[in-house]
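Engineer: Quick one, target27.cif (mmCIF, C-alpha atoms):
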data_coords
#
loop_
_atom_site.label_atom_id
_atom_site.label_comp_id
_atom_site.auth_asym_id
_atom_site.auth_seq_id
_atom_site.Cartn_x
_atom_site.Cartn_y
_atom_site.Cartn_z
CA MET A 183 13.73 13.25 56.21
CA THR A 184 16.24 10.46 56.72
CA ASN A 185 13.68 7.83 55.73
CA ASP A 186 12.88 9.76 52.56
CA LYS A 187 16.55 9.82 51.62
CA LYS A 188 16.90 6.10 52.27
CA HIS A 189 13.87 5.43 50.11
CA GLU A 190 15.34 7.59 47.34
CA VAL A 191 18.64 5.72 47.57
CA GLU A 192 16.83 2.39 47.32
CA GLU A 193 14.99 3.59 44.21
CA ILE A 194 18.27 4.70 42.62
CA ASP A 195 19.88 1.34 43.44
CA LEU A 196 16.90 -0.44 41.89
CA LYS A 197 17.16 1.65 38.71
CA ILE A 198 20.91 0.99 38.53
CA ALA A 199 20.28 -2.75 38.83
CA GLU A 200 17.68 -2.62 36.06
CA LEU A 201 20.06 -0.63 33.82
CA LYS A 202 22.85 -3.12 34.44
CA LYS A 203 20.54 -5.99 33.55
CA ARG A 204 19.46 -4.23 30.36
CA ARG A 205 23.10 -3.55 29.51
CA ARG A 206 23.95 -7.26 29.85
CA GLU A 207 21.03 -8.14 27.56
CA LEU A 208 22.12 -5.63 24.92
CA VAL A 209 25.74 -6.82 25.07
CA ALA A 210 24.54 -10.41 24.68
CA GLU A 211 22.41 -9.44 21.68
CA LEU A 212 25.30 -7.59 20.04
CA GLY A 213 27.60 -10.51 20.63
CA GLU A 214 25.04 -12.89 19.17
CA GLY A 215 24.65 -10.64 16.10
CA ARG A 216 28.39 -10.63 15.47
CA LEU A 217 28.74 -14.35 15.92
CA SER A 218 25.56 -15.34 14.15
CA TRP A 219 26.52 -13.76 10.82
CA GLY A 220 29.02 -16.54 10.14
CA ALA A 221 26.43 -19.04 11.32
CA ILE A 222 23.88 -17.54 8.91
CA ILE A 223 26.22 -17.96 5.93
CA ALA A 224 27.24 -21.46 6.97
CA GLY A 225 23.63 -22.42 7.60
CA ALA A 226 22.53 -21.04 4.22
CA PHE A 227 25.17 -23.03 2.35
CA GLY A 228 24.39 -26.05 4.48
CA ALA A 229 20.69 -25.83 3.64
CA LEU A 230 21.52 -25.46 -0.06
CA MET A 231 23.78 -28.52 0.00
CA ILE A 232 21.27 -30.58 1.96
CA GLY A 233 18.46 -29.67 -0.41
CA LEU A 234 20.47 -30.53 -3.50
CA GLY A 235 21.75 -33.71 -1.86
CA VAL A 236 18.24 -34.89 -0.99
CA ILE A 237 17.09 -34.25 -4.56
CA ALA A 238 20.08 -36.17 -5.97
CA LEU A 239 19.55 -39.07 -3.55
CA PHE A 240 15.92 -39.59 -4.44
CA ALA A 241 16.53 -38.95 -8.13
CA ALA A 242 18.98 -41.88 -8.19
CA ASN A 243 16.40 -44.26 -6.69
CA TRP A 244 13.21 -42.67 -7.99
CA ASP A 245 12.09 -45.60 -10.13
CA ALA A 246 12.07 -47.92 -7.10
CA PHE A 247 9.06 -46.15 -5.54
CA GLY A 248 5.39 -46.22 -6.47
CA ARG A 249 3.28 -43.19 -7.29
CA GLU A 250 1.92 -42.66 -3.79
CA ALA A 251 5.37 -43.07 -2.23
CA ARG A 252 6.85 -40.61 -4.73
CA ALA A 253 4.22 -38.00 -3.95
CA ALA A 254 4.66 -38.47 -0.19
CA ILE A 255 8.45 -38.23 -0.44
CA ALA A 256 8.19 -35.10 -2.59
CA VAL A 257 5.78 -33.31 -0.25
CA ALA A 258 7.33 -34.44 3.07
CA PRO A 259 10.17 -31.83 3.15
CA VAL A 260 7.69 -29.03 2.44
CA VAL A 261 5.44 -30.16 5.30
CA ALA A 262 8.45 -30.52 7.60
CA CYS A 263 9.62 -26.98 6.82
CA GLY A 264 6.13 -25.64 7.52
CA ALA A 265 6.02 -27.46 10.85
CA VAL A 266 9.42 -26.09 11.86
CA ALA A 267 8.32 -22.57 10.89
CA VAL A 268 5.08 -22.79 12.92
CA THR A 269 6.88 -24.23 15.95
CA SER A 270 9.61 -21.58 15.82
CA ALA A 271 7.05 -18.80 15.43
CA LEU A 272 5.09 -20.05 18.45
CA LYS A 273 8.30 -20.12 20.49
CA ASP A 274 9.16 -16.60 19.24
CA VAL A 275 12.50 -17.68 17.76
CA LYS A 276 13.98 -14.69 15.92
CA THR A 277 17.55 -15.72 15.15
CA ARG A 278 18.48 -15.43 11.46
CA ALA A 279 20.71 -18.47 11.86
CA LEU A 280 17.47 -20.52 11.78
CA TRP A 281 15.20 -18.57 9.41
CA GLU A 282 17.73 -18.05 6.62
CA PRO A 283 18.59 -21.76 6.09
CA LEU A 284 14.96 -22.71 6.62
CA GLY A 285 13.81 -20.29 3.92
CA ILE A 286 16.38 -21.59 1.41
CA PHE A 287 15.58 -25.26 2.09
CA TRP A 288 11.82 -24.57 2.04
CA CYS A 289 12.01 -22.89 -1.37
CA ILE A 290 14.13 -25.69 -2.80
CA SER A 291 11.73 -28.29 -1.39
CA ALA A 292 8.66 -26.51 -2.80
CA SER A 293 10.24 -26.27 -6.26
CA ALA A 294 11.36 -29.88 -6.28
CA ALA A 295 8.00 -31.14 -4.95
CA THR A 296 6.08 -29.29 -7.66
CA CYS A 297 8.22 -30.72 -10.45
CA LEU A 298 8.26 -34.26 -9.01
CA VAL A 299 4.51 -34.44 -8.43
CA ALA A 300 3.85 -33.09 -11.91
CA GLN A 301 6.21 -35.68 -13.40
CA THR A 302 4.80 -38.53 -11.30
CA TYR A 303 1.18 -37.95 -12.28
CA HIS A 304 1.97 -36.69 -15.80
CA VAL A 305 0.23 -33.39 -15.21
CA GLY A 306 -0.11 -31.49 -18.44
CA GLY A 307 0.60 -27.82 -18.85
CA SER A 308 3.01 -25.29 -20.25
CA VAL A 309 6.46 -24.20 -19.13
CA PRO A 310 5.25 -20.66 -18.23
CA GLY A 311 2.50 -22.23 -16.12
CA LEU A 312 5.04 -24.39 -14.29
CA VAL A 313 7.30 -21.42 -13.57
CA LEU A 314 4.32 -19.43 -12.30
CA LEU A 315 3.16 -22.28 -10.05
CA VAL A 316 6.65 -22.81 -8.60
CA ALA A 317 6.99 -19.09 -7.90
CA LEU A 318 3.60 -18.88 -6.17
CA LEU A 319 4.37 -21.92 -4.01
CA MET A 320 7.67 -20.37 -2.95
CA LEU A 321 6.00 -17.16 -1.81
CA PRO A 322 4.60 -18.56 1.49
CA ALA A 323 8.09 -19.73 2.43
CA ILE A 324 9.55 -16.31 1.63
CA TRP A 325 6.82 -14.45 3.50
CA ALA A 326 7.09 -16.71 6.55
CA THR A 327 10.89 -16.82 6.86
CA ARG A 328 11.89 -13.47 5.31
CA ALA A 329 15.12 -15.15 4.28
CA VAL A 330 17.48 -12.81 2.43
CA ALA A 331 18.63 -15.03 -0.44
CA PRO A 332 15.19 -16.28 -1.59
CA THR A 333 13.63 -12.83 -1.15
CA VAL A 334 16.16 -10.93 -3.25
CA LEU A 335 16.49 -13.64 -5.92
CA TRP A 336 12.79 -14.48 -6.30
CA PRO A 337 12.16 -11.68 -8.87
CA ILE A 338 14.39 -13.62 -11.28
CA LEU A 339 11.48 -16.07 -11.64
CA ALA A 340 9.39 -13.22 -13.06
CA ILE A 341 12.10 -12.55 -15.64
CA VAL A 342 12.24 -16.25 -16.52
CA TRP A 343 8.45 -16.35 -16.80
CA ALA A 344 8.47 -13.40 -19.20
CA GLY A 345 11.18 -15.05 -21.31
CA VAL A 346 9.53 -18.45 -21.54
CA SER A 347 6.18 -16.80 -22.26
CA ARG A 348 7.73 -15.09 -25.27
CA ASN A 349 9.30 -18.38 -26.39
CA ALA A 350 5.97 -20.13 -25.94
CA GLY A 351 4.38 -17.82 -28.51
CA ALA A 352 3.13 -14.90 -26.45
CA HIS A 353 3.37 -11.62 -28.35
CA ALA A 354 5.17 -8.65 -26.90
CA SER A 355 2.61 -6.18 -25.65
CA THR A 356 1.93 -3.66 -22.92
CA ALA A 357 -0.40 -6.15 -21.23
CA LEU A 358 2.34 -8.80 -21.03
CA ALA A 359 4.76 -6.19 -19.64
CA LEU A 360 2.25 -5.15 -16.95
CA LYS A 361 1.62 -8.80 -16.00
CA SER A 362 5.36 -9.44 -15.71
CA ALA A 363 5.88 -6.30 -13.60
CA ALA A 364 2.99 -7.26 -11.30
CA PHE A 365 4.46 -10.75 -11.02
CA MET A 366 7.83 -9.30 -9.97
CA ALA A 367 6.19 -6.95 -7.44
CA LEU A 368 4.72 -9.87 -5.47
CA SER A 369 7.99 -10.29 -3.59
CA LEU A 370 8.26 -6.61 -2.64
CA PRO A 371 6.09 -6.78 0.53
CA ALA A 372 8.16 -9.69 1.82
CA TYR A 373 11.36 -7.71 1.36
CA ILE A 374 9.88 -4.66 3.10
CA ALA A 375 8.87 -6.92 5.99
CA PHE A 376 12.42 -8.29 6.11
CA VAL A 377 13.84 -4.77 6.36
CA GLY A 378 11.32 -3.94 9.10
CA SER A 379 12.50 -6.92 11.17
CA ARG A 380 15.82 -5.10 11.78
CA PRO A 381 18.23 -7.75 10.47
CA PRO A 382 22.02 -7.54 11.01
CA ARG A 383 23.57 -4.56 9.23
CA ALA A 384 25.64 -6.72 6.86
CA ALA A 385 22.55 -8.65 5.78
CA LEU A 386 20.57 -5.43 5.37
CA VAL A 387 23.19 -3.74 3.19
CA ALA A 388 23.89 -6.83 1.10
CA GLY A 389 20.17 -7.47 0.67
CA GLN A 390 19.56 -3.88 -0.46
CA ILE A 391 22.39 -3.94 -3.00
CA VAL A 392 21.50 -7.31 -4.52
CA SER A 393 17.75 -6.70 -4.52
CA GLY A 394 18.17 -3.20 -5.97
CA LEU A 395 20.31 -4.63 -8.75
CA VAL A 396 17.84 -7.45 -9.43
CA TYR A 397 14.84 -5.13 -9.50
CA SER A 398 16.40 -2.33 -11.61
CA LEU A 399 18.31 -4.53 -14.07
CA GLY A 400 15.72 -7.31 -14.06
CA LEU A 401 12.79 -4.97 -14.59
CA GLY A 402 14.61 -3.32 -17.49
CA ILE A 403 15.43 -6.67 -19.11
CA MET A 404 11.88 -7.90 -18.58
CA LEU A 405 10.35 -4.77 -20.09
CA CYS A 406 12.68 -5.02 -23.08
CA MET A 407 11.48 -8.59 -23.64
CA THR A 408 7.77 -7.91 -23.22
CA LEU A 409 7.23 -4.44 -24.67
CA PRO A 410 6.82 -4.23 -28.46
CA LEU A 411 10.23 -2.70 -29.17
CA GLY A 412 12.24 -3.16 -32.32
CA TRP A 413 15.71 -4.65 -32.00
CA SER A 414 17.14 -1.73 -34.00
CA ASP A 415 15.54 0.85 -31.72
CA ALA A 416 18.47 1.28 -29.31
CA ALA A 417 17.09 4.53 -27.90
CA ALA A 418 13.95 2.73 -26.72
CA TYR A 419 16.04 0.16 -24.83
CA VAL A 420 18.03 2.91 -23.12
CA ALA A 421 14.82 4.70 -22.14
CA THR A 422 13.41 1.42 -20.80
CA PHE A 423 16.34 0.96 -18.42
CA TRP A 424 16.03 4.58 -17.35
CA LEU A 425 12.37 3.92 -16.55
CA SER A 426 13.15 0.80 -14.51
CA SER A 427 15.89 2.67 -12.62
CA ALA A 428 13.51 5.55 -11.87
CA LEU A 429 10.88 3.13 -10.53
CA VAL A 430 13.38 1.37 -8.26
CA ALA A 431 14.83 4.69 -7.02
CA GLY A 432 11.31 5.93 -6.27
CA ALA A 433 10.47 2.74 -4.38
CA GLY A 434 13.73 3.05 -2.43
CA ARG A 435 12.84 6.59 -1.40
CA LEU A 436 9.29 5.56 -0.51
CA PHE A 437 10.33 2.59 1.65
CA ARG A 438 13.53 4.23 2.99
CA LEU A 439 15.99 1.93 1.23
CA PRO A 440 18.90 4.25 0.38
CA ALA A 441 21.00 1.59 -1.37
CA TRP A 442 18.24 1.13 -3.96
CA GLY A 443 18.65 4.71 -5.14
CA ARG A 444 22.41 4.30 -5.54
CA VAL A 445 22.14 1.00 -7.38
CA ALA A 446 19.43 2.44 -9.64
CA LEU A 447 21.69 5.42 -10.41
CA VAL A 448 24.53 3.08 -11.41
CA VAL A 449 22.17 1.14 -13.71
CA ALA A 450 20.88 4.39 -15.26
CA ALA A 451 24.45 5.62 -15.78
CA GLY A 452 25.38 2.32 -17.39
CA ALA A 453 22.40 2.60 -19.72
CA ALA A 454 23.60 6.09 -20.71
CA PHE A 455 27.03 4.85 -21.80
CA PRO A 456 26.03 3.82 -25.38
CA THR A 457 24.06 7.03 -26.05
CA PRO A 458 26.97 8.82 -27.85
CA PHE A 459 26.82 6.13 -30.53
CA ILE A 460 23.03 6.05 -30.96
CA ARG A 461 21.71 7.76 -34.06
CA GLU A 462 18.60 9.07 -32.32
CA LEU A 463 19.81 12.43 -31.01
CA ALA A 464 17.15 12.78 -28.31
CA VAL A 465 18.66 10.34 -25.81
CA TYR A 466 22.15 11.88 -25.88
CA PRO A 467 21.18 15.38 -24.63
CA ILE A 468 18.82 13.78 -22.12
CA ALA A 469 21.73 11.73 -20.77
CA LEU A 470 23.89 14.85 -20.52
CA VAL A 471 21.20 16.76 -18.62
CA MET A 472 20.60 13.80 -16.28
CA MET A 473 24.27 13.55 -15.35
CA VAL A 474 24.56 17.30 -14.81
CA CYS A 475 21.60 17.09 -12.42
CA VAL A 476 23.31 14.21 -10.59
CA VAL A 477 26.54 16.23 -10.24
CA VAL A 478 24.65 19.27 -8.94
CA CYS A 479 22.77 17.07 -6.45
CA GLY A 480 26.06 15.48 -5.35
CA ILE A 481 27.67 18.87 -4.77
CA ARG A 482 24.67 20.13 -2.79
CA LYS A 483 24.68 17.02 -0.62
CA ALA A 484 28.50 16.82 -0.51
CA SER A 485 28.22 13.22 -1.71
CA LEU A 486 31.31 11.76 -3.34
CA PHE A 487 29.28 8.87 -4.73
CA LEU A 488 26.74 11.02 -6.56
CA THR A 489 29.38 13.46 -7.77
CA ASN A 490 31.71 10.76 -9.06
CA VAL A 491 28.99 8.77 -10.82
CA GLY A 492 27.50 11.85 -12.44
CA ALA A 493 30.81 13.48 -13.37
CA ALA A 494 32.42 10.28 -14.64
CA THR A 495 29.42 9.44 -16.80
CA PHE A 496 29.15 13.01 -18.10
CA LEU A 497 32.85 13.08 -19.01
CA TRP A 498 32.50 9.74 -20.73
CA LEU A 499 29.58 11.03 -22.79
CA VAL A 500 31.55 14.10 -23.87
CA VAL A 501 34.84 12.29 -24.51
CA ALA A 502 33.19 9.39 -26.37
CA LYS A 503 31.31 11.80 -28.62
CA PHE A 504 34.49 13.80 -29.20
CA PHE A 505 36.63 10.73 -29.95
CA ALA A 506 34.08 9.61 -32.53
CA SER A 507 34.85 12.81 -34.44
CA HIS A 508 37.78 13.40 -36.77
CA ALA A 509 39.70 15.71 -34.43
CA PRO A 510 43.52 15.31 -34.23
CA PHE A 511 44.96 13.00 -31.57
CA THR A 512 46.74 15.94 -29.94
CA VAL A 513 43.42 17.62 -29.27
CA LYS A 514 41.95 14.33 -28.04
CA GLY A 515 44.83 13.91 -25.60
CA ILE A 516 44.33 17.43 -24.24
CA VAL A 517 40.61 16.69 -23.80
CA LEU A 518 41.44 13.55 -21.77
CA ILE A 519 43.81 15.52 -19.53
CA VAL A 520 41.19 18.21 -18.95
CA ALA A 521 38.58 15.53 -18.15
CA GLY A 522 40.86 13.88 -15.59
CA LEU A 523 41.72 17.21 -13.95
CA THR A 524 38.03 18.11 -13.78
CA LEU A 525 37.13 14.85 -12.05
CA THR A 526 40.01 15.27 -9.58
CA ALA A 527 39.03 18.87 -8.83
CA LEU A 528 35.45 17.85 -8.15
CA ASN A 529 36.57 15.21 -5.65
CA VAL A 530 38.89 17.63 -3.86
CA GLY A 531 36.12 20.22 -3.71
CA ILE A 532 33.62 17.75 -2.27
CA VAL A 533 36.10 16.61 0.39
CA ARG A 534 36.67 20.23 1.43
CA ILE A 535 32.95 20.92 1.57
CA ARG A 536 32.42 17.90 3.82
CA LYS A 537 35.26 18.96 6.13
CA THR A 538 33.81 22.47 6.35
CA ARG A 539 30.35 21.16 7.20
CA ARG A 540 31.72 18.83 9.86
CA ALA A 541 33.71 21.69 11.40
#
Show me the file's structure as structure tokens.

Structural biologist:
Amino acid sequence: MTNDKKHEVEEIDLKIAELKKRRRELVAELGEGRLSWGAIIAGAFGALMIGLGVIALFAANWDAFGREARAAIAVAPVVACGAVAVTSALKDVKTRALWEPLGIFWCISASAATCLVAQTYHVGGSVPGLVLLVALLMLPAIWATRAVAPTVLWPILAIVWAGVSRNAGAHASTALALKSAAFMALSLPAYIAFVGSRPPRAALVAGQIVSGLVYSLGLGIMLCMTLPLGWSDAAAYVATFWLSSALVAGAGRLFRLPAWGRVALVVAAGAAFPTPFIRELAVYPIALVMMVCVVVCGIRKASLFLTNVGAATFLWLVVAKFFASHAPFTVKGIVLIVAGLTLTALNVGIVRIRKTRRA
């Protein structure tokens, strides 16, 4: 019996030692995460400055090199970035302090190399083709490094491609809009992979906010440029931004990116702001119903964000429509006071609901 107890004590001591070791590892990882965030920002800016500096240095002495030397110099940084990425992957290096600057410098190098090689060998083509080629060559760097800045800003290239395609003579059509949307969606898997890699919380939140804004606003702008809409058809532009916001909110719910839904709601609310002054009456009641639904959802979920966005936008829609009328200023002042009291009452009510649920 005594031997059994000794054996049990030894097992407990062994488990305690393992738990202490695991605790030290977790504390070290948390400490590295807190300290590495500043290193990530510094490294990102450092990579940006280095990339721009290298481009400026070679641009000043570009005429002194032959064609072969120019091509080799242009491609060398891209090859070096690929080698560093392969070596780091083989060594299982996961720190964002390496991958973030590497992704930024790799994308800059790929863009510069494409333009320099095309200029050196006088490769013909169109501006939309160049933008498309640069974007496609940047994708491997984004997919390999999952760097935040290139991943969330890459969809801007799709917007630029749509704009230059229109300027190059392409007609606005549903086909062009679908091509542009598919172009923008190419970066989505890389961003989902970045989220799945469990980055630091600050990087995750910032990446969700910026990417949600780029996707919802950018998709709306791109659709407005590519769809055959008339410039006088303001209601169609509002509906287009509502569509882009709905798509981004749906993707955020599908891939569990809560910040996307909030950013998309802000964009949709912003698109609803001009509806009181649009002649087409259909969009105004739709905007009112949408904001009422948001307020109801905010009250059910006890969410101050949803309630405030929905209520503030709804009050704006009502007050703006009322102020456009010929009512006396006394009545308008009373309406403003009532609107302010309503918004305050909603916030107080939501706070009480949240306290009750917590209790």

Engineer: Kindly give the distance, in Å, that separates CA of Arg435 in chain A and CA of Val377 in chain A, rounded to a single decimal.

Structural biologist: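 Straight-line distance from CA of Arg435 in chain A to CA of Val377 in chain A works out to 13.8 Å.
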
Engineer: Convert the output of the PyMOL selection byres ((chain A and resi 364-371) around 10) on the shown file into explicit residues, formatted as a PyMOL selection string.

Structural biologist: chain A and resi 314+317-318+321+324-325+332-341+343-344+358-363+372-377+393+397+400-401+404+433

Engineer: Report the residues retrieved by the PyMOL selection byres ((chain A and resi 446) around 12) from the displayed file, expressed as a PyMOL selection string.

Structural biologist: chain A and resi 390-402+423-435+439-445+447-453+488+491

Engineer: Could you check how far CA of Met320 in chain A sits from CA of Ser293 in chain A, in Å to one decimal?

Structural biologist: 7.2 Å

Engineer: Go through A:Gly492, A:Leu234, A:Val268, A:Ala502 and flag the residue nearest Cys289 in chain A, using only C-alpha atoms for the distances.

Structural biologist: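 Between A:Gly492, A:Leu234, A:Val268, A:Ala502, the residue approaching Cys289 in chain A most closely is A:Leu234.
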
Engineer: Expand the PyMOL selection byres ((chain A and resi 261-267) around 12) into the explicit residue set it covers here, and present it as a ChimeraX atom specification.

Structural biologist: /A:229,233,254-260,268-276,280-292,295,320,322-328

Engineer: Report, in Å with one decimal, the straight-line distance from CA of Ala469 in chain A to CA of Leu497 in chain A.

Structural biologist: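 A separation of 11.3 Å between them.
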
Engineer: For a quick check of understanding, using all atoms listed in the file, which of A:Ala388, A:Gly311, A:Ala357, A:Arg252 has the smallest distance to Val342 in chain A?

Structural biologist: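 Nearest to Val342 in chain A: A:Gly311.
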
Engineer: Within 9 Å of Gly480 in chain A, counting only C-alpha atoms, which residues show up once you throw out same-chain ones fewer than 5 positions away? Write them as a list in words, please.

Structural biologist: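 The neighbour list is Cys475, Ser485, Leu486, Phe487, Leu488, Thr489, Asn490, Gly492 and Ile532 of chain A.
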
Engineer: Would you mind listing what lies within 12 Å of Pro410 in chain A as JSON, numbers by chain, with all atoms listed in the file counted and same-chain residues fewer than 2 positions away left out?

Structural biologist: {"A": [348, 352, 353, 354, 355, 356, 357, 358, 359, 404, 405, 406, 407, 408, 412, 413, 414, 415, 418, 419, 422]}
